>>> print(open('data-v7.csv').read())   # CSV, C-alpha atoms and all ligand atoms
chain,number,residue,atom,x,y,z
A,176,MET,CA,17.2,-0.9,42.8
A,177,ASN,CA,17.4,-3.9,45.1
A,178,ASN,CA,20.8,-5.6,45.5
A,179,TYR,CA,19.6,-8.8,43.7
A,180,ARG,CA,19.3,-6.6,40.6
A,181,LEU,CA,22.6,-4.9,41.2
A,182,LYS,CA,24.3,-8.3,41.5
A,183,GLU,CA,22.8,-9.4,38.2
A,184,GLN,CA,23.9,-6.3,36.5
A,185,LEU,CA,27.5,-6.7,37.8
A,186,GLU,CA,27.5,-10.3,36.7
A,187,SER,CA,26.3,-9.3,33.3
A,188,LEU,CA,28.8,-6.4,32.9
A,189,ALA,CA,31.6,-8.7,34.2
A,190,LYS,CA,30.7,-11.3,31.5
A,191,SER,CA,30.7,-8.7,28.7
A,192,LEU,CA,34.1,-7.4,29.9
A,193,GLY,CA,35.7,-10.9,29.6
A,194,LEU,CA,35.7,-11.7,33.4
A,195,ALA,CA,35.2,-15.5,33.5
A,196,LYS,CA,34.0,-15.7,37.1
A,197,ILE,CA,32.7,-13.2,39.6
A,198,ARG,CA,31.9,-14.1,43.2
A,199,PHE,CA,30.3,-12.1,46.0
A,200,LEU,CA,31.1,-12.9,49.7
A,201,PRO,CA,30.6,-11.1,52.9
A,202,ALA,CA,33.7,-9.2,54.0
A,203,GLU,CA,35.5,-11.0,56.8
A,204,ASP,CA,38.7,-10.8,58.7
A,205,LEU,CA,41.5,-13.2,57.6
A,206,PRO,CA,43.5,-14.0,60.7
A,207,GLU,CA,44.9,-17.2,59.0
A,208,TRP,CA,46.6,-15.0,56.5
A,209,GLU,CA,48.1,-12.8,59.2
A,210,ASN,CA,49.5,-16.0,60.8
A,211,GLU,CA,50.9,-17.2,57.5
A,212,VAL,CA,52.7,-13.9,56.9
A,213,LYS,CA,54.2,-14.1,60.4
A,214,VAL,CA,55.6,-17.6,59.6
A,215,ARG,CA,56.9,-16.6,56.2
A,216,SER,CA,58.4,-13.3,57.5
A,217,GLN,CA,60.3,-15.2,60.2
A,218,ALA,CA,61.8,-17.5,57.6
A,219,ASP,CA,62.5,-15.0,54.9
A,220,ALA,CA,63.6,-11.3,55.4
A,221,THR,CA,62.7,-10.5,51.8
A,222,ALA,CA,59.1,-11.6,52.4
A,223,LYS,CA,59.0,-9.5,55.6
A,224,ALA,CA,60.2,-6.4,53.8
A,225,TYR,CA,57.8,-7.0,50.9
A,226,TRP,CA,54.7,-7.3,53.1
A,227,GLU,CA,55.7,-4.4,55.3
A,228,LYS,CA,56.2,-2.1,52.3
A,229,ARG,CA,52.9,-3.0,50.8
A,230,ASN,CA,51.0,-2.6,54.0
A,231,TYR,CA,48.8,-5.6,53.3
A,232,SER,CA,46.3,-6.5,56.0
A,233,GLY,CA,44.1,-9.4,56.9
A,234,ASN,CA,41.6,-6.9,58.4
A,235,TYR,CA,39.4,-5.3,55.8
A,236,LYS,CA,38.2,-2.7,58.4
A,237,ASN,CA,41.7,-1.2,58.3
A,238,ILE,CA,41.0,-0.3,54.7
A,239,MET,CA,37.2,0.4,54.6
A,240,LYS,CA,35.6,0.6,58.1
A,241,ASP,CA,32.1,0.0,56.9
A,242,ALA,CA,32.8,-2.5,54.1
A,243,LYS,CA,30.3,-5.3,53.7
A,244,SER,CA,31.4,-7.4,50.8
A,245,PHE,CA,34.3,-8.7,48.8
A,246,VAL,CA,33.6,-8.9,45.1
A,247,ILE,CA,36.2,-11.1,43.4
A,248,ALA,CA,36.6,-11.7,39.7
A,249,ALA,CA,38.9,-13.7,37.5
A,250,PHE,CA,40.2,-12.6,34.1
A,251,PRO,CA,41.3,-15.6,32.0
A,252,TYR,CA,44.0,-15.6,29.4
A,253,MET,CA,45.8,-18.0,27.2
A,254,PRO,CA,49.4,-19.2,27.4
A,255,ALA,CA,51.6,-19.4,24.3
A,256,LYS,CA,52.2,-22.7,22.7
A,257,ASP,CA,56.0,-22.2,22.7
A,258,SER,CA,56.2,-21.1,26.4
A,259,ARG,CA,58.8,-23.7,27.1
A,260,ASP,CA,61.2,-22.4,24.5
A,261,LEU,CA,64.1,-21.5,26.8
A,262,ASN,CA,66.1,-19.9,24.0
A,263,ALA,CA,63.7,-17.0,23.4
A,264,PRO,CA,63.0,-14.1,25.7
A,265,TYR,CA,60.0,-15.1,27.8
A,266,LEU,CA,57.1,-12.8,28.5
A,267,ASP,CA,54.6,-14.2,31.0
A,268,PRO,CA,51.1,-13.5,29.6
A,269,HIS,CA,50.0,-12.6,33.2
A,270,TYR,CA,51.6,-9.2,32.6
A,271,LEU,CA,49.4,-8.7,29.6
A,272,ALA,CA,46.2,-9.8,31.1
A,273,TYR,CA,46.5,-8.1,34.5
A,274,PRO,CA,46.0,-4.5,33.2
A,275,LYS,CA,43.0,-5.6,31.2
A,276,GLY,CA,41.4,-7.5,34.1
A,277,ARG,CA,42.1,-4.5,36.3
A,278,ALA,CA,40.5,-2.1,33.8
A,279,ALA,CA,37.4,-4.4,33.7
A,280,VAL,CA,37.1,-4.4,37.5
A,281,PHE,CA,37.3,-0.6,37.5
A,282,GLU,CA,34.2,-0.6,35.3
A,283,LEU,CA,32.4,-2.8,37.9
A,284,ALA,CA,33.5,-0.3,40.6
A,285,ASN,CA,32.1,2.6,38.6
A,286,MET,CA,28.7,0.8,38.4
A,287,LEU,CA,28.7,0.4,42.2
A,288,LYS,CA,29.7,4.1,42.7
A,289,GLU,CA,26.9,5.2,40.3
A,290,GLN,CA,24.5,3.4,42.7
A,291,GLY,CA,25.9,5.4,45.6
A,292,PHE,CA,28.2,2.7,47.1
A,293,LYS,CA,31.9,2.8,47.9
A,294,ALA,CA,34.1,0.6,45.8
A,295,LEU,CA,37.8,0.1,46.1
A,296,VAL,CA,39.7,-1.8,43.4
A,297,ASP,CA,42.5,-4.1,44.4
A,298,PRO,CA,42.7,-3.1,48.1
A,299,PRO,CA,45.8,-4.5,50.0
A,300,LEU,CA,44.1,-7.7,51.1
A,301,PRO,CA,45.2,-11.3,50.5
A,302,ILE,CA,43.5,-11.7,47.1
A,303,LYS,CA,44.4,-15.4,46.6
A,304,LEU,CA,43.0,-16.5,49.9
A,305,ILE,CA,39.8,-14.6,49.2
A,306,ALA,CA,39.6,-16.2,45.7
A,307,TYR,CA,39.9,-19.6,47.4
A,308,LYS,CA,37.3,-18.8,49.9
A,309,SER,CA,34.9,-17.6,47.2
A,310,GLY,CA,35.2,-20.9,45.4
A,311,ILE,CA,37.1,-19.4,42.4
A,312,GLY,CA,39.7,-22.1,42.7
A,313,LEU,CA,42.1,-24.2,44.8
A,314,PHE,CA,45.7,-23.5,45.8
A,315,GLY,CA,48.5,-25.2,43.9
A,316,LYS,CA,51.8,-26.0,45.6
A,317,ASN,CA,53.2,-23.2,43.4
A,318,GLY,CA,51.1,-20.8,45.4
A,319,LEU,CA,48.8,-20.0,42.5
A,320,VAL,CA,45.0,-20.4,42.4
A,321,TYR,CA,43.6,-22.7,39.7
A,322,ASN,CA,40.3,-24.1,38.6
A,323,ARG,CA,39.2,-26.7,36.1
A,324,GLU,CA,38.2,-24.3,33.3
A,325,GLU,CA,41.1,-21.9,33.3
A,326,GLY,CA,43.9,-23.7,35.2
A,327,SER,CA,45.9,-20.9,36.8
A,328,PHE,CA,46.0,-18.8,33.6
A,329,MET,CA,43.7,-16.1,35.1
A,330,SER,CA,44.4,-12.8,36.9
A,331,LEU,CA,42.5,-12.2,40.1
A,332,HIS,CA,41.0,-8.8,41.0
A,333,LEU,CA,39.2,-7.7,44.1
A,334,LEU,CA,36.7,-5.0,45.0
A,335,LEU,CA,35.9,-4.0,48.5
A,336,THR,CA,32.5,-2.3,48.9
A,337,ASP,CA,29.9,-1.3,51.4
A,338,ALA,CA,27.2,-2.8,49.2
A,339,THR,CA,25.6,-6.0,50.3
A,340,PHE,CA,24.5,-8.8,48.0
A,341,PRO,CA,22.6,-12.1,48.1
A,342,TYR,CA,25.6,-14.4,48.9
A,343,THR,CA,26.0,-18.0,47.8
A,344,SER,CA,28.5,-20.2,49.6
A,345,HIS,CA,31.0,-21.9,47.3
A,346,TYR,CA,33.3,-22.8,50.2
A,347,ASN,CA,35.4,-25.8,49.6
A,348,GLU,CA,37.1,-27.5,52.5
A,349,THR,CA,39.8,-28.9,50.2
A,350,ILE,CA,42.4,-26.3,49.9
A,351,SER,CA,44.4,-28.1,47.2
A,352,ASP,CA,44.1,-31.3,45.2
A,353,CYS,CA,47.7,-31.4,43.9
A,354,GLY,CA,48.0,-34.8,45.7
A,355,THR,CA,51.5,-36.3,45.2
A,356,CYS,CA,52.3,-34.2,42.1
A,357,ARG,CA,55.5,-32.1,42.6
A,358,LEU,CA,56.2,-31.0,39.1
A,359,CYS,CA,56.4,-27.3,39.9
A,360,ILE,CA,58.7,-28.0,42.9
A,361,ASP,CA,61.1,-30.0,40.7
A,362,THR,CA,61.0,-27.6,37.8
A,363,CYS,CA,61.6,-24.3,39.6
A,364,PRO,CA,65.0,-23.1,38.4
A,365,ASN,CA,65.9,-21.8,41.8
A,366,ASN,CA,64.3,-24.3,44.2
A,367,ALA,CA,61.9,-21.6,45.4
A,368,ILE,CA,59.0,-23.9,46.2
A,369,GLY,CA,59.0,-25.7,49.5
A,370,GLU,CA,57.7,-29.3,50.0
A,371,LYS,CA,54.5,-27.9,51.6
A,372,GLY,CA,53.9,-25.5,48.7
A,373,ARG,CA,55.3,-22.4,50.3
A,374,VAL,CA,57.1,-20.2,47.7
A,375,CYS,CA,60.2,-18.6,49.2
A,376,MET,CA,60.2,-15.0,47.9
A,377,SER,CA,63.9,-14.4,48.2
A,378,LYS,CA,64.5,-17.4,45.8
A,379,CYS,CA,61.7,-16.7,43.4
A,380,LEU,CA,63.1,-15.2,40.2
A,381,ARG,CA,60.0,-13.2,39.5
A,382,HIS,CA,60.6,-11.1,42.7
A,383,TYR,CA,63.8,-9.7,41.2
A,384,MET,CA,62.5,-8.9,37.7
A,385,LEU,CA,61.7,-5.4,36.3
A,386,THR,CA,63.4,-3.5,39.1
A,387,SER,CA,66.3,-0.9,38.8
A,388,GLU,CA,68.3,-2.8,41.5
A,389,ILE,CA,71.6,-4.7,40.9
A,390,ILE,CA,70.4,-8.3,40.9
A,391,PRO,CA,72.4,-11.0,42.8
A,392,ILE,CA,74.7,-12.9,40.4
A,393,ASN,CA,73.3,-16.4,41.2
A,394,ILE,CA,69.8,-15.1,40.4
A,395,ARG,CA,70.9,-13.5,37.1
A,396,GLU,CA,72.4,-16.8,36.0
A,397,ARG,CA,69.2,-18.7,36.8
A,398,MET,CA,67.0,-16.2,35.0
A,399,GLY,CA,68.1,-17.5,31.6
A,400,MET,CA,66.0,-15.9,28.9
A,401,ARG,CA,63.1,-15.2,31.3
A,402,PHE,CA,62.5,-11.5,30.6
A,403,ILE,CA,59.2,-10.4,32.0
A,404,GLY,CA,58.1,-13.0,34.5
A,405,CYS,CA,59.0,-16.6,35.2
A,406,GLY,CA,56.3,-19.0,34.3
A,407,ASP,CA,58.0,-22.3,34.8
A,408,CYS,CA,55.9,-23.5,37.8
A,409,ARG,CA,52.7,-22.5,35.9
A,410,ILE,CA,53.7,-23.9,32.5
A,411,VAL,CA,54.5,-27.4,33.8
A,412,CYS,CA,51.4,-27.7,35.9
A,413,PRO,CA,49.0,-30.5,34.7
A,414,LYS,CA,46.1,-28.3,35.7
A,415,ASN,CA,47.0,-26.1,32.8
A,416,ALA,CA,47.2,-28.8,30.2
A,417,ILE,CA,43.7,-27.9,29.0
A,418,LYS,CA,44.8,-24.3,28.2
A,419,PHE,CA,47.9,-25.5,26.3
A,420,LYS,CA,45.6,-27.8,24.2
A,421,ARG,CA,43.4,-24.9,23.3
A,422,THR,CA,45.9,-22.2,22.5
A,423,ASN,CA,47.4,-21.2,19.1
A,424,ILE,CA,49.2,-18.1,20.4
A,425,LYS,CA,53.0,-17.8,20.1
A,426,GLN,CA,55.3,-15.8,22.4
A,427,ALA,CA,56.1,-13.4,19.5
A,428,ASP,CA,52.3,-12.6,19.1
A,429,TYR,CA,52.3,-10.9,22.5
A,430,PHE,CA,55.1,-8.5,21.8
A,431,LYS,CA,58.5,-8.8,20.1
A,432,LEU,CA,61.0,-8.7,22.9
A,433,ASP,CA,64.1,-7.9,20.8
A,434,ILE,CA,67.2,-7.9,22.9
A,435,GLY,CA,69.4,-6.6,20.0
A,436,GLU,CA,67.1,-3.7,19.4
A,437,ILE,CA,66.9,-2.8,23.1
A,438,LEU,CA,70.7,-2.8,23.5
A,439,GLU,CA,71.3,-0.9,20.3
A,440,ASN,CA,68.8,1.8,21.1
A,441,HIS,CA,69.3,1.9,24.9
A,442,SER,CA,69.8,5.6,24.9
A,443,ASN,CA,66.6,6.3,23.0
A,444,LEU,CA,64.0,3.6,23.8
A,445,LYS,CA,60.9,5.9,23.8
A,446,GLU,CA,59.1,4.4,20.8
A,447,TYR,CA,59.9,0.8,21.7
A,448,LEU,CA,58.7,1.3,25.3
A,449,LYS,CA,55.5,3.1,24.0
A,450,GLY,CA,54.7,-0.1,22.2
A,451,LEU,CA,55.6,-2.3,25.1
A,452,ALA,CA,53.5,-0.1,27.5
A,453,LYS,CA,50.4,-0.8,25.4
A,454,VAL,CA,50.9,-4.5,26.2
A,455,ILE,CA,52.1,-4.5,29.8
A,456,GLY,CA,51.3,-1.0,31.1
A,457,LYS,CA,53.4,2.1,31.6
A,458,ASN,CA,54.4,1.1,35.2
A,459,LEU,CA,56.3,-2.0,34.0
A,460,ALA,CA,57.6,-0.6,30.6
A,461,ARG,CA,60.2,1.6,32.2
A,462,PRO,CA,63.6,2.0,30.6
A,463,ILE,CA,66.1,0.9,33.3
A,464,PRO,CA,64.3,-2.4,34.3
A,465,ILE,CA,63.7,-3.3,30.6
A,466,ILE,CA,67.3,-2.6,29.6
A,467,SER,CA,68.5,-4.4,32.7
A,468,MET,CA,66.4,-7.5,31.8
A,469,ALA,CA,67.6,-7.4,28.2
A,470,ILE,CA,71.2,-7.4,29.3
A,471,ILE,CA,70.7,-10.4,31.6
A,472,ALA,CA,68.9,-12.3,28.8
A,473,ALA,CA,71.8,-11.3,26.4
A,474,GLY,CA,74.4,-12.6,29.0
A,475,ASN,CA,72.5,-15.9,29.3
A,476,SER,CA,71.9,-16.3,25.6
A,477,LYS,CA,75.3,-17.7,24.6
A,478,ASP,CA,75.0,-15.4,21.5
A,479,LYS,CA,78.2,-13.3,21.0
A,480,ALA,CA,76.3,-11.1,18.6
A,481,PHE,CA,75.3,-9.1,21.7
A,482,VAL,CA,78.9,-8.3,22.7
A,483,LYS,CA,78.9,-5.1,20.7
A,484,GLY,CA,75.7,-3.8,22.3
A,485,LEU,CA,76.9,-4.7,25.7
A,486,THR,CA,80.2,-2.8,25.3
A,487,GLU,CA,78.0,0.3,24.8
A,488,THR,CA,75.6,-0.3,27.7
A,489,LEU,CA,78.8,-0.7,29.8
A,490,PHE,CA,79.0,3.1,29.7
A,491,HIS,CA,75.3,3.8,30.6
A,492,TRP,CA,74.6,6.5,33.1
A,493,HIS,CA,72.8,4.0,35.5
A,494,PRO,CA,75.1,1.9,37.7
A,495,THR,CA,72.8,-1.2,37.5
A,496,ILE,CA,73.1,-1.2,33.7
A,497,ARG,CA,76.9,-0.9,33.9
A,498,ALA,CA,77.2,-3.7,36.5
A,499,HIS,CA,74.9,-6.1,34.6
A,500,SER,CA,76.7,-5.3,31.3
A,501,ALA,CA,80.1,-6.2,32.7
A,502,TRP,CA,78.7,-9.5,34.1
A,503,ALA,CA,77.0,-10.3,30.7
A,504,LEU,CA,80.2,-9.6,28.8
A,505,ALA,CA,82.1,-12.1,31.0
A,506,ARG,CA,79.3,-14.6,30.7
A,507,LEU,CA,79.5,-14.5,26.9
A,508,ALA,CA,83.2,-15.3,27.3
A,509,ASP,CA,84.4,-13.1,24.4
A,510,ASN,CA,87.7,-11.5,25.3
A,511,SER,CA,87.4,-8.9,22.5
A,512,ALA,CA,85.4,-7.0,25.3
A,513,LEU,CA,88.6,-6.6,27.4
A,514,ASP,CA,89.5,-3.2,26.0
A,515,SER,CA,86.1,-1.8,26.7
A,516,LEU,CA,86.1,-3.3,30.2
A,517,ASN,CA,89.5,-1.8,31.1
A,518,ASN,CA,88.3,1.6,29.7
A,519,ALA,CA,85.1,1.4,31.8
A,520,LEU,CA,87.1,0.4,34.9
A,521,SER,CA,89.4,3.5,34.5
A,522,ARG,CA,86.2,5.7,34.5
A,523,GLU,CA,84.2,3.9,37.2
A,524,SER,CA,83.6,5.4,40.6
A,525,GLU,CA,80.8,3.2,42.0
A,526,HIS,CA,82.2,0.5,44.2
A,527,LEU,CA,79.6,-2.1,43.3
A,528,VAL,CA,80.1,-1.6,39.6
A,529,THR,CA,83.9,-1.6,39.9
A,530,SER,CA,83.9,-5.0,41.5
A,531,GLU,CA,81.7,-6.4,38.7
A,532,ILE,CA,84.0,-5.0,36.1
A,533,GLU,CA,87.1,-6.3,37.8
A,534,ALA,CA,85.5,-9.8,38.1
A,535,ALA,CA,84.7,-9.7,34.3
A,536,ILE,CA,88.2,-8.6,33.4
A,537,LYS,CA,89.7,-11.4,35.6
A,538,LYS,CA,87.4,-14.0,33.9
A,539,LEU,CA,88.0,-12.9,30.3
A,540,ALA,CA,91.8,-12.5,30.9
A,541,ARG,CA,92.0,-16.2,31.7
A,542,LEU,CA,90.5,-17.2,28.3
B,601,LIG,S1,57.9,-18.1,39.3
B,601,LIG,FE1,59.8,-19.3,38.6
B,601,LIG,S2,61.3,-18.9,40.3
B,601,LIG,FE2,59.3,-18.4,41.1
B,601,LIG,S3,58.5,-20.2,42.1
B,601,LIG,FE3,57.7,-20.3,40.0
B,601,LIG,S4,59.3,-21.4,38.8
B,601,LIG,FE4,60.2,-20.8,40.8
B,602,LIG,S1,52.5,-28.7,39.2
B,602,LIG,FE1,51.5,-30.3,40.4
B,602,LIG,S2,52.0,-29.8,42.5
B,602,LIG,FE2,52.4,-28.0,41.3
B,602,LIG,S3,50.5,-26.8,41.4
B,602,LIG,FE3,50.4,-28.1,39.5
B,602,LIG,S4,49.3,-29.9,40.2
B,602,LIG,FE4,50.0,-28.9,42.0
>>> encode(input="data-v7.csv", output="structure tokens", more="lines below")
Ligand code: SF4
Ligand code: SF4
Amino acid sequence: MNNYRLKEQLESLAKSLGLAKIRFLPAEDLPEWENEVKVRSQADATAKAYWEKRNYSGNYKNIMKDAKSFVIAAFPYMPAKDSRDLNAPYLDPHYLAYPKGRAAVFELANMLKEQGFKALVDPPLPIKLIAYKSGIGLFGKNGLVYNREEGSFMSLHLLLTDATFPYTSHYNETISDCGTCRLCIDTCPNNAIGEKGRVCMSKCLRHYMLTSEIIPINIRERMGMRFIGCGDCRIVCPKNAIKFKRTNIKQADYFKLDIGEILENHSNLKEYLKGLAKVIGKNLARPIPIISMAIIAAGNSKDKAFVKGLTETLFHWHPTIRAHSAWALARLADNSALDSLNNALSRESEHLVTSEIEAAIKKLARL
């Protein structure tokens, strides 16, 4: 089979799998990306650690010596109409779309492998830069790639392969047409977006979500009810207005993020997480990060109905859950939690948790 035919077959399979755009471009080194990482790493230790841990590279030969092409595809999805409801736990639809887009791209990789080619899905290369170079979209000041049809509601997926294709240049010299708009900059709850459109990783709420770590208090406070992802800089973007006009989905249609249920069943969340894993994948639907996010959302909810559940998670085996529970109880400002906090303090041996419980007791005792 010649590679014209293979390209057509990949395009046709991509379409049938719901991938809105697929582009083929010759593999190339990306020194501009390496320079950008240097600049960002110097300014932000969190970004430095992030890039080092993931071993990302601007040099594709470090990953596949004889690679010839980048195949990049975009998997579109719809936002929820009520995305701006700041009183309900927010689930960013990107987390639902990503596993589906990735599964679709694995099928493309299988087709290449069946033809005797190598194909690596989502190699550690700068995917957004490659998407821009392929003509899939332009960069927004919020660091996301958008285009006219999908806005930035699309997940991007990359294949690195030793196959060659007939390439068409879609290169666009304009890197962004945001112009004077600065809605995302002004909306970001933690001022993470710089004037030149550089997102500071250590300020971006998304960076702290769904981990098992104790999250800094100022970040917890700003998370509000954002539970899985923070979509503010995407939701306000005028490039996405077209998607909001077309959607009829509601947040609850994705999955019911029920804070009360998570707190109440924190010691046995197997069934709940099984359901959530079907939506966002097993890797993200892990008990400690999900309980941790539920506690933060409860603390920010102003809803004292969560106090009872939090006095139980205060005795959880994991220190992060205990620390966040003490903070959430103080934030809900209900001094009926004082007995539980004093009891927890008498049993606590982790220094970081002790200081959170002491701070909570001090705050509630003043009420
Ligand atoms: S994801 Fe949220 S915190 Fe991060 S840059 Fe966008 S608005 Fe700011
Ligand atoms: S909100 Fe405005 S500045 Fe930000 S990405 Fe969208 S168009 Fe660009």
>>> atom_distance(input="data-v7.csv", atom1="CA of Val482 in chain A", atom2="CA of Ala255 in chain A")
29.5 Å
>>> atom_distance(input="data-v7.csv", atom1="CA of Phe328 in chain A", atom2="CA of Tyr252 in chain A")
5.6 Å
>>> residues_near_ligand(input="data-v7.csv", ligand="ligand LIG 602 (chain B)", cutoff="8 Å", atoms="only C-alpha atoms and all ligand atoms", output="PDB file with C-alpha atoms, keeping the file's coordinate frame")
ATOM      1  CA  PHE A 314      45.700 -23.500  45.800  1.00  0.00           C
ATOM      2  CA  GLY A 315      48.500 -25.200  43.900  1.00  0.00           C
ATOM      3  CA  LYS A 316      51.800 -26.000  45.600  1.00  0.00           C
ATOM      4  CA  ASN A 317      53.200 -23.200  43.400  1.00  0.00           C
ATOM      5  CA  GLY A 318      51.100 -20.800  45.400  1.00  0.00           C
ATOM      6  CA  LEU A 319      48.800 -20.000  42.500  1.00  0.00           C
ATOM      7  CA  SER A 351      44.400 -28.100  47.200  1.00  0.00           C
ATOM      8  CA  ASP A 352      44.100 -31.300  45.200  1.00  0.00           C
ATOM      9  CA  CYS A 353      47.700 -31.400  43.900  1.00  0.00           C
ATOM     10  CA  GLY A 354      48.000 -34.800  45.700  1.00  0.00           C
ATOM     11  CA  THR A 355      51.500 -36.300  45.200  1.00  0.00           C
ATOM     12  CA  CYS A 356      52.300 -34.200  42.100  1.00  0.00           C
ATOM     13  CA  ARG A 357      55.500 -32.100  42.600  1.00  0.00           C
ATOM     14  CA  LEU A 358      56.200 -31.000  39.100  1.00  0.00           C
ATOM     15  CA  CYS A 359      56.400 -27.300  39.900  1.00  0.00           C
ATOM     16  CA  ILE A 360      58.700 -28.000  42.900  1.00  0.00           C
ATOM     17  CA  GLY A 372      53.900 -25.500  48.700  1.00  0.00           C
ATOM     18  CA  CYS A 408      55.900 -23.500  37.800  1.00  0.00           C
ATOM     19  CA  ARG A 409      52.700 -22.500  35.900  1.00  0.00           C
ATOM     20  CA  VAL A 411      54.500 -27.400  33.800  1.00  0.00           C
ATOM     21  CA  CYS A 412      51.400 -27.700  35.900  1.00  0.00           C
ATOM     22  CA  PRO A 413      49.000 -30.500  34.700  1.00  0.00           C
ATOM     23  CA  LYS A 414      46.100 -28.300  35.700  1.00  0.00           C
ATOM     24  CA  ASN A 415      47.000 -26.100  32.800  1.00  0.00           C
TER      25      ASN A 415
END
>>> closest_residue(input="data-v7.csv", among="A:Pro298, A:Pro391, A:Gly404, A:Gly450", to="ligand LIG 601 (chain B)", atoms="all atoms listed in the file")
A:Gly404
>>> atom_distance(input="data-v7.csv", atom1="CA of His382 in chain A", atom2="CA of Ser327 in chain A")
18.6 Å
>>> build_atoms(input="data-v7.csv", residues="range 508-525 of chain A", atoms="N, CA and C atoms", output="tab-separated table (two decimals), keeping the file's coordinate frame")
chain	number	residue	atom	x	y	z
A	508	ALA	N	81.82	-14.77	27.46
A	508	ALA	CA	83.20	-15.30	27.30
A	508	ALA	C	83.83	-14.92	25.98
A	509	ASP	N	83.78	-13.61	25.67
A	509	ASP	CA	84.40	-13.10	24.40
A	509	ASP	C	85.46	-12.08	24.86
A	510	ASN	N	86.74	-12.45	24.75
A	510	ASN	CA	87.70	-11.50	25.30
A	510	ASN	C	88.00	-10.29	24.43
A	511	SER	N	87.27	-10.17	23.32
A	511	SER	CA	87.40	-8.90	22.50
A	511	SER	C	86.77	-7.75	23.35
A	512	ALA	N	86.06	-8.07	24.43
A	512	ALA	CA	85.40	-7.00	25.30
A	512	ALA	C	86.42	-6.43	26.27
A	513	LEU	N	87.65	-7.01	26.34
A	513	LEU	CA	88.60	-6.60	27.40
A	513	LEU	C	88.94	-5.11	27.36
A	514	ASP	N	89.18	-4.59	26.15
A	514	ASP	CA	89.50	-3.20	26.00
A	514	ASP	C	88.44	-2.28	26.62
A	515	SER	N	87.21	-2.58	26.22
A	515	SER	CA	86.10	-1.80	26.70
A	515	SER	C	85.97	-1.89	28.23
A	516	LEU	N	86.17	-3.09	28.76
A	516	LEU	CA	86.10	-3.30	30.20
A	516	LEU	C	87.15	-2.50	30.94
A	517	ASN	N	88.39	-2.53	30.42
A	517	ASN	CA	89.50	-1.80	31.10
A	517	ASN	C	89.20	-0.27	31.00
A	518	ASN	N	88.68	0.17	29.88
A	518	ASN	CA	88.30	1.60	29.70
A	518	ASN	C	87.24	1.96	30.74
A	519	ALA	N	86.22	1.08	30.85
A	519	ALA	CA	85.10	1.40	31.80
A	519	ALA	C	85.64	1.39	33.22
A	520	LEU	N	86.58	0.48	33.53
A	520	LEU	CA	87.10	0.40	34.90
A	520	LEU	C	87.85	1.73	35.24
A	521	SER	N	88.60	2.29	34.27
A	521	SER	CA	89.40	3.50	34.50
A	521	SER	C	88.41	4.70	34.81
A	522	ARG	N	87.18	4.62	34.33
A	522	ARG	CA	86.20	5.70	34.50
A	522	ARG	C	85.29	5.51	35.73
A	523	GLU	N	85.22	4.28	36.22
A	523	GLU	CA	84.20	3.90	37.20
A	523	GLU	C	84.44	4.44	38.58
A	524	SER	N	83.40	4.95	39.24
A	524	SER	CA	83.60	5.40	40.60
A	524	SER	C	82.64	4.70	41.59
A	525	GLU	N	81.69	3.92	41.07
A	525	GLU	CA	80.80	3.20	42.00
A	525	GLU	C	81.39	1.89	42.40
